[in-house]
$ cat start01.txt   # compact mmCIF, C-alpha atoms
# COMPACT_ATOMS: atom_id res chain seq x y z
CA MET W 1 -23.91 32.10 30.07
CA LEU W 2 -20.99 32.36 32.48
CA ILE W 3 -18.58 35.10 31.42
CA LEU W 4 -15.08 35.57 32.78
CA GLY W 5 -14.22 39.26 32.78
CA ILE W 6 -10.62 40.53 32.91
CA GLU W 7 -9.64 44.18 33.49
CA SER W 8 -6.13 45.68 33.64
CA SER W 9 -6.37 49.08 31.96
CA CYS W 10 -4.53 51.04 34.64
CA ASP W 11 -3.22 50.12 38.11
CA ASP W 12 -5.90 47.68 39.27
CA ALA W 13 -5.96 44.08 38.03
CA GLY W 14 -9.43 42.56 38.17
CA ALA W 15 -11.27 39.39 37.28
CA ALA W 16 -14.94 38.54 37.67
CA VAL W 17 -17.47 35.85 36.83
CA LEU W 18 -20.85 37.07 35.60
CA GLU W 19 -23.91 34.93 34.97
CA THR W 20 -26.30 36.35 32.39
CA THR W 21 -29.22 35.28 30.24
CA ARG W 22 -29.94 38.54 28.42
CA PRO W 23 -28.17 41.89 27.93
CA GLY W 24 -28.32 44.19 30.93
CA VAL W 25 -29.41 41.50 33.40
CA ALA W 26 -26.77 39.58 35.31
CA ILE W 27 -25.80 37.92 38.56
CA ILE W 28 -22.32 38.75 39.84
CA ARG W 29 -20.86 35.43 40.91
CA SER W 30 -17.51 36.97 41.87
CA ASN W 31 -15.50 40.17 41.50
CA THR W 32 -11.85 40.27 42.60
CA VAL W 33 -9.33 43.11 42.44
CA ALA W 34 -5.60 43.44 43.13
CA ASN W 35 -5.06 47.08 44.14
CA GLN W 36 -1.73 48.89 43.72
CA ASP W 37 -2.25 52.02 45.84
CA ASP W 38 0.55 51.06 48.24
CA ILE W 39 2.97 50.69 45.32
CA HIS W 40 2.26 54.08 43.75
CA ARG W 41 1.67 56.12 46.93
CA ALA W 42 5.36 56.98 47.29
CA TYR W 43 5.30 58.63 43.85
CA GLY W 44 2.07 60.59 44.33
CA GLY W 45 0.55 59.01 41.22
CA ILE W 46 0.56 55.98 38.95
CA VAL W 47 3.90 54.91 37.47
CA PRO W 48 2.95 53.03 34.25
CA GLU W 49 5.95 50.70 34.21
CA LEU W 50 5.40 49.64 37.82
CA ALA W 51 1.70 49.10 37.12
CA SER W 52 2.29 46.75 34.19
CA ARG W 53 5.08 44.83 35.96
CA ASN W 54 2.84 44.23 38.96
CA HIS W 55 0.02 43.05 36.68
CA VAL W 56 2.31 40.34 35.33
CA ILE W 57 2.64 39.03 38.90
CA THR W 58 -1.01 39.34 39.97
CA ILE W 59 -3.20 38.71 36.92
CA LEU W 60 -3.29 34.89 37.05
CA PRO W 61 -3.81 34.71 40.84
CA VAL W 62 -6.65 37.23 40.47
CA VAL W 63 -8.29 35.08 37.77
CA ARG W 64 -7.92 31.98 39.96
CA ARG W 65 -9.50 33.81 42.93
CA ALA W 66 -12.42 34.95 40.77
CA LEU W 67 -13.12 31.38 39.64
CA GLU W 68 -12.79 30.00 43.17
CA SER W 69 -15.02 32.71 44.66
CA ALA W 70 -17.65 31.98 42.00
CA GLY W 71 -17.49 28.27 42.78
CA VAL W 72 -16.73 27.34 39.18
CA THR W 73 -13.86 25.92 37.17
CA LEU W 74 -12.50 27.25 33.91
CA ALA W 75 -14.21 24.33 32.16
CA GLN W 76 -17.59 25.81 33.17
CA ILE W 77 -16.89 29.25 31.70
CA ASP W 78 -18.69 29.97 28.41
CA ALA W 79 -16.87 33.09 27.21
CA ILE W 80 -14.28 35.75 28.07
CA ALA W 81 -14.59 39.55 28.05
CA VAL W 82 -11.40 41.59 28.39
CA THR W 83 -10.49 45.27 28.30
CA ARG W 84 -8.55 46.21 25.16
CA GLY W 85 -8.49 50.00 25.68
CA PRO W 86 -8.30 52.83 26.40
CA GLY W 87 -5.68 52.89 29.15
CA LEU W 88 -1.99 52.37 29.80
CA VAL W 89 -0.78 50.21 26.96
CA GLY W 90 1.57 48.11 29.10
CA SER W 91 -1.16 47.38 31.60
CA LEU W 92 -3.70 46.63 28.88
CA LEU W 93 -1.38 44.14 27.22
CA VAL W 94 -1.04 42.03 30.37
CA GLY W 95 -4.79 41.46 30.74
CA LEU W 96 -5.35 41.06 27.02
CA MET W 97 -2.58 38.49 26.64
CA CYS W 98 -3.91 36.58 29.64
CA ALA W 99 -7.37 36.46 28.04
CA LYS W 100 -5.90 35.42 24.68
CA GLY W 101 -3.93 32.63 26.33
CA ILE W 102 -7.02 31.26 28.05
CA ALA W 103 -9.07 31.54 24.85
CA GLN W 104 -6.36 29.82 22.82
CA ALA W 105 -6.02 26.98 25.32
CA THR W 106 -9.76 26.40 25.84
CA GLY W 107 -11.33 27.47 22.54
CA LEU W 108 -13.62 29.89 24.39
CA PRO W 109 -15.01 32.89 22.50
CA MET W 110 -13.45 36.21 23.52
CA ALA W 111 -14.73 39.78 23.25
CA GLY W 112 -12.46 42.82 23.50
CA VAL W 113 -14.22 45.56 25.47
CA ASN W 114 -13.86 49.33 25.54
CA HIS W 115 -13.15 50.37 29.13
CA ILE W 116 -15.51 53.36 28.85
CA GLU W 117 -18.36 51.10 27.75
CA GLY W 118 -17.73 49.13 30.92
CA HIS W 119 -18.24 52.24 33.01
CA LEU W 120 -21.34 53.24 31.02
CA LEU W 121 -23.01 49.90 31.72
CA ALA W 122 -21.68 49.41 35.28
CA PRO W 123 -24.88 50.78 36.89
CA MET W 124 -26.76 47.85 35.28
CA LEU W 125 -24.85 45.47 37.54
CA GLU W 126 -27.19 46.50 40.37
CA HIS W 127 -30.03 48.53 38.82
CA GLU W 128 -32.63 47.99 36.13
CA ILE W 129 -32.25 50.92 33.75
CA ALA W 130 -34.32 51.57 30.67
CA MET W 131 -32.54 53.00 27.65
CA PRO W 132 -31.92 55.68 26.60
CA TYR W 133 -30.29 57.30 29.62
CA LEU W 134 -27.64 59.94 30.30
CA ALA W 135 -24.33 58.81 31.81
CA LEU W 136 -21.71 60.97 33.48
CA VAL W 137 -18.41 59.06 33.39
CA VAL W 138 -15.95 60.69 35.76
CA SER W 139 -12.62 59.15 36.72
CA GLY W 140 -8.88 59.78 36.89
CA GLY W 141 -8.51 59.53 33.13
CA HIS W 142 -11.95 60.42 31.77
CA THR W 143 -14.69 62.97 32.31
CA ALA W 144 -17.50 62.90 29.75
CA LEU W 145 -21.24 62.88 29.21
CA PHE W 146 -22.77 60.14 27.05
CA ALA W 147 -26.23 59.40 25.76
CA VAL W 148 -26.57 55.63 26.17
CA GLU W 149 -29.10 54.91 23.42
CA ASP W 150 -28.78 51.12 23.23
CA PHE W 151 -26.19 48.41 23.67
CA GLY W 152 -23.34 49.40 21.38
CA ARG W 153 -24.85 52.84 20.65
CA TYR W 154 -23.20 55.57 22.70
CA ARG W 155 -23.18 59.23 21.75
CA ARG W 156 -20.71 61.54 23.43
CA LEU W 157 -22.34 64.84 24.34
CA GLY W 158 -19.42 66.53 26.05
CA ALA W 159 -16.02 65.90 27.59
CA THR W 160 -13.19 67.58 29.46
CA ARG W 161 -10.98 69.92 27.46
CA ASP W 162 -7.95 69.29 29.70
CA ASP W 163 -7.63 67.45 33.03
CA ALA W 164 -10.09 64.78 34.06
CA ALA W 165 -11.82 65.43 37.38
CA GLY W 166 -10.02 62.58 39.11
CA GLU W 167 -6.70 63.88 37.82
CA ALA W 168 -7.52 67.28 39.32
CA PHE W 169 -8.26 65.66 42.69
CA ASP W 170 -4.92 63.82 42.65
CA LYS W 171 -2.94 66.90 41.61
CA VAL W 172 -4.55 69.13 44.23
CA ALA W 173 -4.00 66.52 46.92
CA LYS W 174 -0.33 66.45 45.93
CA LEU W 175 -0.13 70.27 46.06
CA MET W 176 -1.62 70.16 49.56
CA GLY W 177 0.69 67.36 50.68
CA LEU W 178 -2.23 65.07 51.48
CA GLY W 179 -1.01 61.86 49.87
CA TYR W 180 -2.39 59.41 47.31
CA PRO W 181 -4.99 58.53 46.07
CA GLY W 182 -6.10 62.13 46.20
CA GLY W 183 -9.81 61.64 45.61
CA LYS W 184 -10.44 59.66 48.77
CA VAL W 185 -8.11 61.79 50.90
CA ILE W 186 -9.85 65.03 49.87
CA ASP W 187 -13.32 63.51 50.22
CA ASP W 188 -12.56 62.36 53.78
CA LEU W 189 -10.93 65.66 54.80
CA ALA W 190 -13.68 67.77 53.21
CA ARG W 191 -16.36 66.22 55.43
CA GLU W 192 -15.08 68.37 58.30
CA GLY W 193 -14.43 71.53 56.26
CA ASN W 194 -16.28 74.72 55.34
CA ARG W 195 -17.24 74.55 51.65
CA LYS W 196 -17.59 78.35 51.46
CA GLN W 197 -14.33 79.27 53.15
CA VAL W 198 -12.25 79.66 49.97
CA LYS W 199 -13.55 81.19 46.75
CA ILE W 200 -12.64 78.78 43.97
CA PRO W 201 -13.61 79.82 40.40
CA ARG W 202 -16.02 77.59 38.46
CA ALA W 203 -14.83 77.11 34.89
CA ARG W 204 -17.25 77.18 31.97
CA VAL W 205 -16.27 76.35 28.39
CA LYS W 206 -17.50 79.15 26.16
CA GLY W 207 -19.75 77.88 23.39
CA ALA W 208 -19.66 74.30 24.69
CA PRO W 209 -21.92 74.08 27.77
CA ARG W 210 -21.62 70.29 27.97
CA ASP W 211 -17.81 70.31 28.12
CA PHE W 212 -15.67 70.48 31.24
CA SER W 213 -12.37 72.10 32.22
CA PHE W 214 -10.49 71.44 35.46
CA SER W 215 -7.00 72.84 34.81
CA GLY W 216 -8.07 76.29 36.00
CA VAL W 217 -9.40 75.10 39.34
CA LYS W 218 -6.14 73.24 39.97
CA THR W 219 -4.16 76.41 39.18
CA ALA W 220 -6.43 78.44 41.46
CA VAL W 221 -5.61 76.13 44.36
CA ALA W 222 -1.87 76.34 43.64
CA THR W 223 -2.05 80.17 43.56
CA PHE W 224 -4.07 80.27 46.78
CA LEU W 225 -1.64 77.96 48.60
CA ALA W 226 1.20 80.32 47.74
CA SER W 227 -0.63 83.32 49.24
CA GLU W 228 -0.73 84.52 52.83
CA ALA W 229 -4.40 83.53 53.08
CA GLY W 230 -3.55 80.09 51.77
CA ARG W 231 -0.92 79.54 54.42
CA ALA W 232 -3.43 80.50 57.13
CA THR W 233 -6.35 78.40 55.85
CA LEU W 234 -7.11 75.03 57.39
CA PRO W 235 -6.51 72.16 54.91
CA ARG W 236 -10.00 70.79 55.56
CA ASP W 237 -11.60 74.09 54.49
CA LEU W 238 -9.54 74.28 51.30
CA ALA W 239 -10.32 70.64 50.53
CA ALA W 240 -14.04 71.23 51.04
CA SER W 241 -14.02 74.40 48.94
CA PHE W 242 -12.09 72.77 46.10
CA GLN W 243 -14.30 69.68 46.13
CA GLU W 244 -17.45 71.82 46.06
CA ALA W 245 -16.17 73.67 42.99
CA VAL W 246 -15.43 70.44 41.11
CA VAL W 247 -18.76 68.91 42.10
CA GLU W 248 -20.67 71.98 40.94
CA MET W 249 -18.79 71.97 37.62
CA LEU W 250 -19.85 68.35 37.12
CA VAL W 251 -23.46 68.58 38.29
CA THR W 252 -24.54 71.75 36.47
CA PRO W 253 -23.75 70.59 32.89
CA THR W 254 -25.10 67.11 33.66
CA ILE W 255 -28.50 68.37 34.74
CA ALA W 256 -28.62 70.73 31.74
CA ALA W 257 -27.76 67.86 29.37
CA ALA W 258 -30.45 65.65 30.93
CA ARG W 259 -33.03 68.37 30.31
CA GLU W 260 -31.97 68.72 26.67
CA LEU W 261 -31.85 64.98 26.11
CA GLY W 262 -35.30 64.47 27.61
CA THR W 263 -34.20 61.42 29.56
CA SER W 264 -35.68 60.28 32.86
CA THR W 265 -32.50 58.64 34.21
CA ILE W 266 -29.00 59.90 34.95
CA ALA W 267 -26.27 57.35 35.65
CA LEU W 268 -23.19 58.43 37.60
CA THR W 269 -20.23 56.13 37.06
CA GLY W 270 -16.43 55.94 37.13
CA GLY W 271 -13.93 56.15 39.97
CA VAL W 272 -14.89 59.69 41.03
CA ALA W 273 -18.51 58.51 41.29
CA ALA W 274 -17.37 57.15 44.66
CA ASN W 275 -17.05 60.74 45.92
CA SER W 276 -19.66 61.21 48.64
CA ARG W 277 -20.35 64.88 47.89
CA LEU W 278 -20.78 64.29 44.15
CA ARG W 279 -23.20 61.42 44.79
CA ALA W 280 -25.23 63.53 47.22
CA ARG W 281 -25.33 66.72 45.11
CA LEU W 282 -26.25 64.97 41.87
CA ALA W 283 -28.98 63.01 43.66
CA GLU W 284 -30.36 66.24 45.15
CA ALA W 285 -30.21 68.16 41.88
CA GLY W 286 -31.74 65.25 39.99
CA ALA W 287 -34.60 64.92 42.47
CA ASP W 288 -35.32 68.65 42.19
CA GLU W 289 -35.67 68.27 38.41
CA GLY W 290 -37.56 64.96 38.49
CA PHE W 291 -34.69 62.76 37.27
CA ARG W 292 -33.86 59.34 38.62
CA VAL W 293 -30.16 59.24 39.53
CA VAL W 294 -28.44 55.86 39.84
CA ALA W 295 -24.84 55.03 40.71
CA PRO W 296 -23.03 51.75 41.27
CA SER W 297 -21.83 50.63 44.69
CA LEU W 298 -18.37 51.97 45.45
CA LYS W 299 -16.66 48.71 44.44
CA TYR W 300 -18.18 48.98 40.95
CA CYS W 301 -17.28 52.67 40.51
CA THR W 302 -13.55 52.04 40.41
CA ASP W 303 -12.05 49.86 37.68
CA ASN W 304 -13.40 46.33 37.96
CA ALA W 305 -13.89 43.25 35.81
CA ALA W 306 -17.61 42.81 36.51
CA MET W 307 -18.40 45.89 34.41
CA ILE W 308 -16.15 44.55 31.62
CA ALA W 309 -18.04 41.25 31.66
CA MET W 310 -21.33 43.20 31.54
CA ALA W 311 -20.12 45.28 28.59
CA GLY W 312 -19.00 42.20 26.69
CA SER W 313 -22.10 40.16 27.50
CA TRP W 314 -24.47 41.66 24.92
CA ARG W 315 -22.06 40.79 22.10
CA LEU W 316 -21.17 37.36 23.46
CA LEU W 317 -24.85 36.49 23.91
CA ARG W 318 -25.34 37.24 20.19
CA GLY W 319 -22.57 34.83 19.32
CA GLU W 320 -20.01 37.46 18.42
CA ARG W 321 -16.31 36.99 19.12
CA ASP W 322 -13.06 38.80 18.43
CA ALA W 323 -10.07 37.21 16.76
CA LEU W 324 -7.02 36.43 18.85
CA SER W 325 -5.16 38.95 16.69
CA ILE W 326 -6.83 42.00 18.30
CA ASP W 327 -4.39 44.37 19.93
CA ALA W 328 -4.44 46.73 22.92
CA GLU W 329 -5.23 50.34 22.00
CA ALA W 330 -4.23 53.00 24.50
CA ASN W 331 -6.48 55.60 22.85
CA LEU W 332 -9.34 53.35 21.78
CA SER W 333 -12.39 55.44 20.93
CA LEU W 334 -15.96 54.48 21.77

$ encode --input "start01.txt" --output "structure tokens"
Amino acid sequence: MLILGIESSCDDAGAAVLETTRPGVAIIRSNTVANQDDIHRAYGGIVPELASRNHVITILPVVRRALESAGVTLAQIDAIAVTRGPGLVGSLLVGLMCAKGIAQATGLPMAGVNHIEGHLLAPMLEHEIAMPYLALVVSGGHTALFAVEDFGRYRRLGATRDDAAGEAFDKVAKLMGLGYPGGKVIDDLAREGNRKQVKIPRARVKGAPRDFSFSGVKTAVATFLASEAGRATLPRDLAASFQEAVVEMLVTPTIAAARELGTSTIALTGGVAANSRLRARLAEAGADEGFRVVAPSLKYCTDNAAMIAMAGSWRLLRGERDALSIDAEANLSL
């Protein structure tokens, strides 16, 4: 089965062609993305209206590029998988309406996909993973732990109580005047810094050891920057210290949850999974405890259509389809 995947939940518009014969096993024929970082950089974050307007311009060219890169025509596609939520509703609508238009014109079956399910299954694009496994989804909009028990069976074990980790990276980068996107800027700067230079508190959620909280660490950085010590500290040292705090707050509950779940595999996924320190620390901690830690390549950590095609494939292979009447849901639950 050749599946055309379409993703537009936030600021990236993506399309991909996936070839699959059974759930969890696929060949990526193409994966194209139109990135909007240059558009939103001036604002220090994503402007929803600008994101959706730009999707209107780029979505069809991105789909055409995906088909051309895969060496196929639309007539050879067997089904469509498209993100229907969660995300920015304006952005979601552009991709969903594009998929509906193609499905209406061609008669192809279409599956609406939960964006989080895409991230949960993204590691399967490159790795063979036996279920059940533990997944840490960490991005600009989401930070949560899931037990992936089977296709379509996902149990949330914990989540952030306030900011997502990626959101904290962006906000701290803005406080430090480092630019956007904050995650990459801080990761690059932190490579040269002293992780122990600044004492950043590690938040723990009382009575909920699997939950996360990042608002406090952001406030701690803001308070430090306003102090005399903050004004004298090198940005690279503050970046490294902040990043180490966030990484530790992610790794510690994840390892504890893996022990409790009794799984052998931990999957790290989502945009912040591209962070070099997080990848290294979770791999080290997992190895110390005897866990296998897998993470997608960087291009499959950030929002992409290949993971959406993967998440829709198990339903499409069973002959399921969604009606053209399905709507975008900004707060779609998994």

$ closest_residue --input "start01.txt" --among "W:Thr269, W:Ser313, W:Ser9, W:Thr32" --to "W:Leu120" --atoms "all atoms listed in the file"
W:Thr269

$ residues_around --input "start01.txt" --residues "stretch 237-241 of chain W" --least-positions-apart "6" --cutoff "12 Å" --atoms "all atoms listed in the file" --output "PyMOL selection string"
chain W and resi 169-170+172-178+182-202+217-218+220-222+224-225+229-231+247-248+276-278

$ closest_residue --input "start01.txt" --among "W:Leu88, W:Ala79, W:Ala203, W:Leu67" --to "W:Gln104" --atoms "all atoms listed in the file"
W:Ala79

$ closest_atom_pairs --input "start01.txt" --of "stretch 95-139 of chain W" --to "stretch 51-65 of chain W" --cutoff "10 Å" --atoms "all atoms listed in the file" --output "CSV"
residue,atom,partner,partner_atom,distance
W:Gly95,CA,W:Ile59,CA,6.9
W:Cys98,CA,W:Ile59,CA,7.6
W:Ala99,CA,W:Val63,CA,9.9

$ write_last_selection --input "start01.txt" --atoms "C-alpha atoms" --output "CSV table (one decimal), in the coordinates of the input"
chain,number,residue,atom,x,y,z
W,95,GLY,CA,-4.8,41.5,30.7
W,98,CYS,CA,-3.9,36.6,29.6
W,99,ALA,CA,-7.4,36.5,28.0

$ closest_residue --input "start01.txt" --among "W:Glu260, W:Arg279, W:Gly24, W:Leu2" --to "W:Met124" --atoms "all atoms listed in the file"
W:Gly24
